[in-house]
Structure formats: structure tokens, C-alpha cells
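These notes concern the structure reproduced below.
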Amino acid sequence: MNGDAATIAALLAVDPVGLGGVALRARAGARRDAWLGLLRGLLPPGGTMRRVPLNITDTALLGGLDLGATLQAGKPVGLKGVLAQSDGGIVLLAMAERMAAGAAARFCAVMDTREVAMERDGLGTRSPARIGVVALDEGASDDERLPAALMERLAFSLVLEEAGEEEDHLEWSHEEVTKARALLPRVRADDAVVRALCAAAQALGVDSLRASLFALQVARVAAALAGCDAVKEEHSALAARLVLAPRATRVPPPPPEPPSADEAPQEGSPPDQPDEPPAPADPPPPRGEAATEQDAPAPPQDDTAQMPDTDGGSEMGERVLEAAQAAIPAGLLAALKVAEGSRSKAPSAGRAGAAQKSQLRGRPIGARRGEPRAGQRLNVIETLRAAAPWQRLRQGQQGAESGTQDGKRRIQVRKDDFHVSRFRQLGQTTTVFVVDASGSSALNRLAEAKGAVELLLADCYVRRDSVAVLAFRGKETEMLLPPTRSLARAKRSLAGLPGGGGTPLASGIDSARALGDQIRRKGETPLIVLLTDGRGNISRDGKPGRAQAAQDAMRAAQELRSSGMTSLLMDISPQPQPQAQLLAREMGATYVPLPYAGAQALSQAVRAVAALSAKAR
Amino acid sequence: MALTFPFSAIVSQHEMKLAILISAIDPTIGGVLVFGDRGTGKSTAVRALAALLPKMRAVVDCRYACDPDAGNALCPDCLAARSGGKAARTSHLMPVPVVDLPLGATEDRVVGALDLERALSQGVKAFEPGLLARANRGYLYIDEVNLLEDHLVDLLIDVAASGENVVEREGLSIRHPARFVLIGSGNPEEGELRPQLLDRFGLSVEVKTPAGLEERVEVVKRRDAFERDPEGFTAQWKKRDEQVRRSIVAGRKRLAGVDIPDSARQSAAKLCMALGTDGLRGDLTVIRAARAYAALQGDAQVEDRHLRTVAAPALRHRLRRNPLDDSGSSARVERAVSELFGD
């Protein structure tokens, strides 16, 4: 067992609530099971370890009405959810990398308040839920990651490689952990420790203050585990390495000399307790980094009374940072790569979230109250469940109303009981055609473009996708066809499309984005197909002027890209235009010049892009 | 109920604290939206509010905590009692409700539903008020508001606008007052808010992680001290919290007397025109927030500096959205402010 892995298990076992938990990236297998077994062995008696499946219902998770008991008792009986049942224990989240943001938020709320606030099925309760979370992350690539909000609330992140190399078995006994748990409330951490950890966090670009708080708590737990009643430097170094390093978003400016043994003489104060035994929290030197690892917890130093300057240049701060930086270069670099990967997506992160949310609508979320209409299906079980508690009341009422026993129905289901199932919507796509119908385009190949769109429409019809058509000419954009599945209507609206006038390109792109947003909010995926020659001459405020119009169009294109919608730009000018290419680049759109593509080819291109966007989802 | 982190112990985050105080002085401004980075104390501030607010007078045993002095904005129970000519209803002081709307709450708990217990045991049709009833005259707090289920959002939009909750379900037909200050917090990375819901919030605040090391150290130190000894820490800050509470009480008293000169109204209108906000709600909110801020500060009339301070929180979520950058709207408001008032 890897030294860090064993250390994390011990730290977590001492204070699962204070540390939140661990994001455990590992394949299902012997190593993961061994680690979980290790953790289970260290938990206090009575500390449960409950496994929560990914698609757990809210009732099972948070609690709700216990129907059987309720009907039997004749009064509402609540059912505790898994979270409340796990109070004082550990919750294992299976396949946490596929968890939706909404589901993660439920966990986060519980971890923040340490209680389950349940307002369901006519019951409102609060039950304590002091839990630690082990999020099992089986993500194969860096694209599959835990929801950020959940990650944020877990102190550790641990990667277990499947083919584990043979390592020292440095583990903690149950007694040590129990002792540490008792000692923990008395462990002091002075200001220098706090300052050093905060400075290290800042230097590594760790913004969230939760990380600093976790680091402090980890340092304290590490001290308790070592039997110390005050946090020493090696403990903060360990905390920085385990908590801050994996969250690093930048490498701090390198120190003038490599972080190695020659760091020690540079420090003014000689070690006060040179024969301090190495804390057990100090991991064994497992691999090649042995040298640096041993150096990282530099000579223990007494509480530095000196006032560190504001940029965190205290000696302790430096060494804590160094520990984070130097001890696990591989881990840090890997973490940085991941962080960079996620940061490169950052500009669209807000929108990515929106897309996630609409995806969430498509996931199977069970049933919800509502009447079956617009193709929704009645969920019979849920409907009966909802009706069951009221039967006695209704029977009584009806008896009173009709006064006879004959008309009495066995089970009375009313409109309010209806529940409809919600199904996974398999990537319903709405293709938005934005057609440039200005004079310049009309001259070129508006007719051809129309032909291409018609072909596409037929294709969309086959796939039961919806289409919408926007046309821009003159000063503004007109919606020729709101999203529909009617092929005939689409054809008609296109056939009647006149050409001529100015090219309000920016307006066209803006309208496409607005429509795309609307489509997204319905839980569908928009695909924007822009047919233009890229030469706008009407700016956003409707005034003619090529320069301003081009600028506005670029801006609109950038906004479209930042919204993260998949788009395709068809250049309908006779020769491929650099302007159109530039616009496509700004939009993040696939660029297809029409001269090289007949109507057939265009239809194929759209199909390819649609397939791509479906895969990306 | 567990102790909450004291409001006055929250380090920096002035805009957020100010917005919350303004909404406490003038609840008609319509709620606060707190959006920002993770780990910046969004939820902490809102939860701290409950302990901070001065108590309010309410009818004893009223499930909607009706104000005994209210005219007709009473719940059905109180109206019936009054028209029944009963003796003066007794009232008592109670803490202002700050109600959490947890994600995963079901609709029946939010709006209220048939009382299950009485239906089962006695066969009686009775209404059991939900969270909206409990939040009446207080606060409704939604953490991760952008992740709230759509059908609950629809419901909230309706009630937040009308101040009345209409229940038509399970054979019940009830309407009761549900005037609450909506407070939402969330992380913009996890999704955006529907524009209709966005519009219901009077003020919107952006919180960022404190940049300075000193501040960060202070945050960690205080939070840690609180975690380790909640009672002691809360006691330590009790005096400061008391001061804040007094300033809220004093501000509320002063509010009606704060003068709004025409020049201030004009400035607000100019500001909104410069920013191109939709509708007049922006103008109104700026003026109201500035008045509440003046009352909080103990000033007799609204001045430019009040408008300056509240312009960003009152307007930034009302601009035409520019999805390129969220911080852009704050910068735009600031630019408009400095253009109008000079630097």
C-alpha cells in the first residue's frame, strides 16, 4: 500500500467529518478494495460505510414517507434517507465521476450543514448527518471528473494505479487512530501554521479558502496521529502536500536553487529539536523522489515567533510550500495538467454548466407530479403511491357524499396523484438554419443554399429532429420558422424567402444564439448552421457601415462560441472568403465552402457535425 | 439548531454584507442573489443572518406568522378571527424566519398540502402549510439556486411576484400571504439562472476569494476558531453582532424619513438609461436601495455616494447579458457610474 494512501486512510479515519473525505480515483479492483478495507478497519466501532449508487432517488437519499409503515400505523411515518442513516460514518459514492451537478449539490448541502434538511412528502425533518465521503471515481480520462462542488468539499484526492508497485506497509493501527481521535480537540495550531498554509495555497494558486481550512485541519489531524499536541512543521508540510498540491493551478516561481538539501543551511535558525523522531505521518521514501521527500519536512522548528511578511516569505511558509511543491513533482505535474485542462474550458464553464443542467433533464429522474400530457407517460406505481395515504379520507368523503356503499370505488385516484415518468431524452437536436438573404448572397447562391437546406430538412425529418429557420436581410433578422418538425412548413417558408438588402450579420448570429439558448432551456441541443458569405454591412444598431458591422459580427461570433453551441458555417460566396473563414474560426464553427460542396455535400457535412456534437455529449 | 458563524465575524466581502443589510432594512427591495467562487462564505453569510435579525411581532399561534398590525394582508385564519369579532388577538415576539429551501424538496412541502397525519388518523381535510408559509415575513434561502428543479422555480417566480401563495390541490383551495425576501446563492459555473427568476432578485452580489494573504489568514483563523469552539467564538462576537442588529433597527426606523431629492431620482434614471436596463425595475431598485443604505448610514437624504455604492448590486444582473464574461457587467456598471458622477 502506497504510503500516502495509507496516510490518507488514517487521517480520514481520525476525522472524517472535518476532512470531508477523499476523491478516490481508481479502477474497481483489488487495490481499491484493499484501501477501502484499510479505511473500514480504522473507523470507530459503529462507524458504518454505506455505498450509494449513482442514480439513487431523492427519497432513498434524503428520506421521505415510509408508505408501508404509514399505512399500517395510520399516521405518517418518515423514512430516513441513506445520508441520515450514515450519520457518524462514511458514505461511498459509486461512479461519482458521472454524478450530475444537482445530485452533488445535495451532498454538498449535507456536508456543509452536517444535517439532512428534508422537506418531502408532507414531512419536514432535520436529522444529523455527520458524514465523510469517499467518492469513487472510475473516470478513465480527465474529461470525466467529479463535480467541482463536491471535489471542493473533499480534503484529499487520491489516485491508485491498478498495477501497484510493491511498497512499504506503513499503516496505522486502530489504537493509534482512536488515540488520535481523542487527542485531536486539544491539538493547537498557531498563527504561523495558518499563515504558512495560506501562503502556500496562494503561491500554488489555490483560490478556495476551503482548501486552506482543510490543510489546517489535516495538519492538526496529522499532529494528533503523531501524538503531538501542537502542529509542527512536518505536519503542515504533509498537509500542504496532500491537500494543496493536488489543487495547484500554477507552479510558483521557482526558488533560486533547486529545492534540495542545501535549503537547510540557508535558514537562519538552527533546529531546536534535532532528534525529533520522524512523525509517522511522514511517508516512507517509496520511489525515486526519496531524496526530496525526506528533505521536504525540513528540520523541525519551534513556533516561529518572527512576523512573516505579507507575501508569505516566512521560512515556515517557504518550507511548507516546498513540501507541496517538491515532494511529489509527478503528482503536482499531473494535477497541473488536469487543472490546466479544466481551465482551458473555463471561458465556457458557465455555459457548460447550463448545458449540463439541461442534460440533467434528460437523465432518468424517476417520476414527478403532473398530469400526463404532451406525450408524457403516466407512472402508475408512483401515482398509486401518491394516492395510497389518502384512501381512508377519500373513502369517508365519498361515503358521506353518495351515502351508499355501492358506488364506492376500491381505490380512489385523483388528478393530484398523477405522476408522470421522465425519460432520458436521447439528444433531441434542433437545427437552426440562419440564412443570409441579403443582396450579395442573393446574387451568389441563395437558391443553392435553399436547395441545401431542403435536403437537410429531409434528413432532419428522418431523424425526427426539429428545425428552425432564421433569415437576415435588410436591417434585421426574421424568424421564418420557429422550431418545428413540419417539413412542409419549413419548405414553404424557405421558398417564399426573398433576397436583397443589407447584411445584418451580427443580428443574425445574435438571434441564432438567442434561439439556441431557448432550445437549450427546453433540454434539447441546438445546432447552428449559418449560411452566409461573411460580409456583413449592417452593424448591431442597424446602421450601415462595413467596419463596424464586421467588428460586431466578430463579437457576436465570439459570444456564440462562448455559449458552447455547436455550429457550422457555410460559405455561400463564389470563392471561399477569408472573412467567412475568420468568422468561422471566431465562432468555433466548422467551415464548409459551398463552391466545393453541392447541396448533397452540405447535407453530409451537417450530419457529420451533428454526430460529432452528439458524441461530445 | 446548531450555532451559526457570526455575521460580524465574516472577513471583508463588504458588498455581500451590505446587500444583506439593505435587504433587512427594506425587504421590499426584493431579495439578494449571491453568486461567486466556491469557498467564499456565501452560505455562511446568509445563515448568519438568522441570528442577527431583530425579532418581529406576530400573532400567537398563527401558522403564517401574521403581523397583528397588518391591514388585510392576513392569512385566512386571522381574517376569520377578525371578522368573527373575537377579542384582540394576542401577539408575541418571534425570531424572523430564515427558511432553507433544500434541493430535492418536493412541491407539496414548498407550497403546502393536505395534512397527511390528520387525513390518515382522523379523516379530516386540513391544510398543512409548507415552506412558503413558514417563510412569510422572513427570508427564503436557496443554496445552489441555479440547480433548483424547474417546476420549483416556476412556483417561486409566481409567488415571489404576487406575495401570495395560492394552493389548489388535493381538493384544497387556499390562499395565504407569502411575502418573503428571496435569497439565493450559487456558483455561476454550475449553470445560469432563468431570466425571470433573476429579475425577482433586487440586488445581486458577486463574491470573490479574498486576494490578500492577510485576509485569507484571517478567514481561516476565524473559521477554524469557530469550528473548534462554536459557543466561545459566538460569545466573543456577540457584541459586534448586537451592534449590527441595532444599526438595522435604527435604519428601519429612519427609512421612511429619508428624503429622496429629485436630483437623485434623475441620477438613477440617467444611470439606467446609460446602461440600457430593461424596464423600470432597475430605477426603482437603485432608489430604494440607496434610501435603505442612507438609512443604514444614518443620513437624512439620498446622496450621490449612496447611489454609487448600490448601483452595481442593484443593476448588474439587469443588463443585457453578455455571455463572453460575467465580470463584464460589473465593470460596465462601474464605468457608467463614474461617467455620471465623475471620479
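Order determines the names: the first chain of the C-alpha cells is A, the second B, and so forth; residues in each chain are numbered 1 upward, and ligands are numbered 1 upward as they are shown.
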inquiry  = Report as a list in words all protein, DNA and RNA residues lying within 9 Å of Phe341 (chain B), evaluated on only C-alpha atoms, omitting residues in the same chain fewer than 5 positions from it.
reply    = Ser267, Asp304, Arg305, Arg308 and Ala336 of chain B
At a cut-off of 8 Å, list the chain B residues touching chain A, using only C-alpha atoms, as a PyMOL selection string.
chain B and resi 37-40+102-110+112-125+143-144+147-148+169-170+188-192+209+213-214+216-217+219-221+223-224+228+322-325
Could you write out that same residue set with N, CA and C atoms as a short mmCIF file (atom, residue, chain, number, x, y, z; two decimals), in the first residue's frame?
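Now in again-v2.cif:
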```cif
data_model
loop_
_atom_site.label_atom_id
_atom_site.label_comp_id
_atom_site.auth_asym_id
_atom_site.auth_seq_id
_atom_site.Cartn_x
_atom_site.Cartn_y
_atom_site.Cartn_z
N ASP B 37 -17.37 32.57 -6.41
CA ASP B 37 -16.45 31.44 -6.32
C ASP B 37 -16.85 30.53 -5.17
N ARG B 38 -16.28 29.35 -5.23
CA ARG B 38 -16.51 28.42 -4.14
C ARG B 38 -15.68 28.82 -2.93
N GLY B 39 -16.20 28.48 -1.77
CA GLY B 39 -15.42 28.70 -0.56
C GLY B 39 -15.22 30.16 -0.24
N THR B 40 -16.23 30.99 -0.48
CA THR B 40 -16.08 32.40 -0.16
C THR B 40 -17.07 32.82 0.90
N PRO B 102 -34.30 23.34 0.72
CA PRO B 102 -33.26 22.42 0.26
C PRO B 102 -33.55 21.90 -1.14
N LEU B 103 -32.49 21.64 -1.86
CA LEU B 103 -32.67 20.98 -3.16
C LEU B 103 -33.30 19.64 -2.89
N GLY B 104 -34.14 19.21 -3.78
CA GLY B 104 -34.76 17.92 -3.57
C GLY B 104 -36.03 18.03 -2.74
N ALA B 105 -36.40 19.25 -2.37
CA ALA B 105 -37.68 19.42 -1.68
C ALA B 105 -38.78 19.11 -2.68
N THR B 106 -39.87 18.53 -2.19
CA THR B 106 -40.96 18.26 -3.12
C THR B 106 -41.94 19.41 -3.08
N GLU B 107 -42.69 19.50 -4.17
CA GLU B 107 -43.60 20.61 -4.36
C GLU B 107 -44.59 20.75 -3.21
N ASP B 108 -45.07 19.61 -2.71
CA ASP B 108 -46.08 19.69 -1.67
C ASP B 108 -45.52 20.32 -0.40
N ARG B 109 -44.25 20.12 -0.13
CA ARG B 109 -43.67 20.72 1.06
C ARG B 109 -43.43 22.21 0.85
N VAL B 110 -43.22 22.60 -0.37
CA VAL B 110 -42.93 24.01 -0.62
C VAL B 110 -44.22 24.82 -0.52
N GLY B 112 -47.23 23.65 0.46
CA GLY B 112 -48.16 23.17 1.46
C GLY B 112 -49.10 22.17 0.83
N ALA B 113 -49.66 21.30 1.65
CA ALA B 113 -50.51 20.25 1.11
C ALA B 113 -51.48 19.79 2.18
N LEU B 114 -52.24 18.81 1.81
CA LEU B 114 -53.17 18.22 2.77
C LEU B 114 -52.39 17.65 3.95
N ASP B 115 -52.88 17.89 5.13
CA ASP B 115 -52.19 17.39 6.32
C ASP B 115 -52.32 15.87 6.37
N LEU B 116 -51.23 15.22 6.13
CA LEU B 116 -51.23 13.77 5.99
C LEU B 116 -51.67 13.09 7.29
N GLU B 117 -51.14 13.59 8.37
CA GLU B 117 -51.42 12.96 9.66
C GLU B 117 -52.91 12.98 9.98
N ARG B 118 -53.48 14.18 9.83
CA ARG B 118 -54.90 14.27 10.18
C ARG B 118 -55.76 13.55 9.17
N ALA B 119 -55.33 13.54 7.93
CA ALA B 119 -56.09 12.81 6.93
C ALA B 119 -56.11 11.32 7.24
N LEU B 120 -54.97 10.83 7.67
CA LEU B 120 -54.88 9.39 7.93
C LEU B 120 -55.58 9.00 9.22
N SER B 121 -55.33 9.77 10.25
CA SER B 121 -55.82 9.32 11.54
C SER B 121 -57.26 9.74 11.80
N GLN B 122 -57.62 10.94 11.34
CA GLN B 122 -58.98 11.40 11.66
C GLN B 122 -59.88 11.51 10.44
N GLY B 123 -59.27 11.36 9.26
CA GLY B 123 -60.09 11.51 8.07
C GLY B 123 -60.55 12.94 7.86
N VAL B 124 -59.73 13.89 8.30
CA VAL B 124 -60.10 15.29 8.20
C VAL B 124 -59.29 15.95 7.11
N LYS B 125 -59.95 16.82 6.37
CA LYS B 125 -59.25 17.53 5.31
C LYS B 125 -58.72 18.84 5.88
N ASP B 143 -29.84 27.66 -1.44
CA ASP B 143 -28.44 27.48 -1.81
C ASP B 143 -28.43 26.75 -3.14
N GLU B 144 -27.44 27.05 -3.94
CA GLU B 144 -27.34 26.46 -5.29
C GLU B 144 -28.64 26.71 -6.05
N LEU B 147 -29.43 25.34 -9.43
CA LEU B 147 -29.65 23.91 -9.65
C LEU B 147 -31.06 23.50 -9.23
N LEU B 148 -31.85 24.47 -8.84
CA LEU B 148 -33.20 24.16 -8.38
C LEU B 148 -34.03 23.60 -9.54
N ARG B 169 -54.95 22.11 -4.72
CA ARG B 169 -54.57 20.72 -4.91
C ARG B 169 -55.24 19.85 -3.87
N GLU B 170 -55.35 18.60 -4.18
CA GLU B 170 -55.92 17.63 -3.27
C GLU B 170 -57.24 18.11 -2.69
N PRO B 188 -21.78 30.41 -10.47
CA PRO B 188 -22.20 30.57 -11.87
C PRO B 188 -21.67 29.48 -12.78
N GLU B 189 -20.62 28.79 -12.35
CA GLU B 189 -20.08 27.75 -13.21
C GLU B 189 -21.03 26.57 -13.32
N GLU B 190 -21.97 26.47 -12.40
CA GLU B 190 -22.83 25.30 -12.44
C GLU B 190 -24.12 25.55 -13.19
N GLY B 191 -24.20 26.67 -13.84
CA GLY B 191 -25.39 26.93 -14.60
C GLY B 191 -25.93 28.30 -14.30
N GLU B 192 -26.74 28.78 -15.22
CA GLU B 192 -27.24 30.12 -15.03
C GLU B 192 -28.68 30.10 -14.57
N THR B 209 -12.89 35.32 -4.03
CA THR B 209 -11.96 34.92 -2.99
C THR B 209 -11.09 36.11 -2.63
N LEU B 213 -3.12 37.95 1.37
CA LEU B 213 -2.77 36.87 2.29
C LEU B 213 -3.34 37.13 3.67
N GLU B 214 -3.23 38.39 4.12
CA GLU B 214 -3.71 38.72 5.47
C GLU B 214 -5.17 38.35 5.63
N ARG B 216 -6.87 36.26 3.90
CA ARG B 216 -7.08 34.81 3.83
C ARG B 216 -6.72 34.15 5.16
N VAL B 217 -5.62 34.60 5.73
CA VAL B 217 -5.21 34.03 7.00
C VAL B 217 -6.30 34.30 8.04
N VAL B 219 -9.49 34.81 7.57
CA VAL B 219 -10.67 33.97 7.32
C VAL B 219 -10.45 32.58 7.90
N VAL B 220 -9.31 32.00 7.56
CA VAL B 220 -9.04 30.64 8.01
C VAL B 220 -8.98 30.58 9.53
N LYS B 221 -8.36 31.59 10.12
CA LYS B 221 -8.23 31.59 11.57
C LYS B 221 -9.59 31.65 12.25
N ARG B 223 -12.59 30.99 10.99
CA ARG B 223 -13.43 29.82 10.72
C ARG B 223 -12.97 28.65 11.59
N ASP B 224 -11.66 28.52 11.70
CA ASP B 224 -11.12 27.42 12.48
C ASP B 224 -11.48 27.58 13.95
N ARG B 228 -13.77 24.93 16.19
CA ARG B 228 -13.26 24.27 17.38
C ARG B 228 -14.07 24.61 18.63
N ASN B 322 -24.15 39.60 -21.57
CA ASN B 322 -23.03 39.40 -22.47
C ASN B 322 -22.34 38.13 -22.01
N PRO B 323 -22.59 37.04 -22.71
CA PRO B 323 -22.10 35.76 -22.21
C PRO B 323 -20.58 35.63 -22.30
N LEU B 324 -19.95 36.59 -22.94
CA LEU B 324 -18.49 36.47 -23.04
C LEU B 324 -17.84 36.49 -21.67
N ASP B 325 -18.28 37.41 -20.84
CA ASP B 325 -17.70 37.42 -19.49
C ASP B 325 -18.74 37.92 -18.50
#
```
As a check of understanding: the span from CA of Cys75 (chain B) to CA of Gly31 (chain B) is 22.3 Å
* **Proximity to Gly257 (chain B) - best of B:Gln13, B:His176, B:Ala294, B:Asp100, only C-alpha atoms** =>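 Smallest distance to Gly257 (chain B) is found for B:Ala294.
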### Task
Could you pull out the residues in region 30-236 of chain B that DSSP calls strand (DSSP E or B) from the backbone, as a ChimeraX atom specification?
/B:32-36,56-59,91-94,98-100,112-114,127-129,139-143,164-169,172-177,181-186,203-207
*asked:* So the first atom is CA of Thr90 (chain B) and the second is CA of Tyr139 (chain B); what is the distance between them in Å, to one decimal place?
replied: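 For CA of Thr90 (chain B) relative to CA of Tyr139 (chain B), the distance reads 23.6 Å.
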Residues at most 10 Å from Leu3 (chain B), counting only C-alpha atoms, excluding those fewer than 4 positions away in the same chain, as number ranges by chain? B: 47-48, 51, 226, 230-231, 234
Next, dump the selected residues to file, keeping only C-alpha atoms, as a PDB file, in the first residue's frame.
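Result went into out.pdb, see below:
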```pdb
ATOM      1  CA  ARG B  47     -27.137  31.517   7.554  1.00  0.00           C
ATOM      2  CA  ALA B  48     -25.629  34.091   9.895  1.00  0.00           C
ATOM      3  CA  ALA B  51     -29.182  35.008  14.275  1.00  0.00           C
ATOM      4  CA  PHE B 226     -15.430  28.734  15.218  1.00  0.00           C
ATOM      5  CA  PRO B 230     -18.607  27.442  18.420  1.00  0.00           C
ATOM      6  CA  GLU B 231     -20.010  28.656  21.737  1.00  0.00           C
ATOM      7  CA  THR B 234     -20.062  33.188  19.070  1.00  0.00           C
TER       8      THR B 234
END
```
Spatial neighbours of Arg335 (chain B), max dist 12 Å, only C-alpha atoms, sep filter under 2 positions, as a list in words:
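Using only C-alpha atoms, the neighbours found are Leu271, Ala274, Leu275, Arg308, Ala311, Ala312, Arg316, Gly328, Ser329, Ser330, Ala331, Arg332, Val333, Val337, Ser338, Glu339, Leu340, Phe341, Gly342 and Asp343 of chain B.
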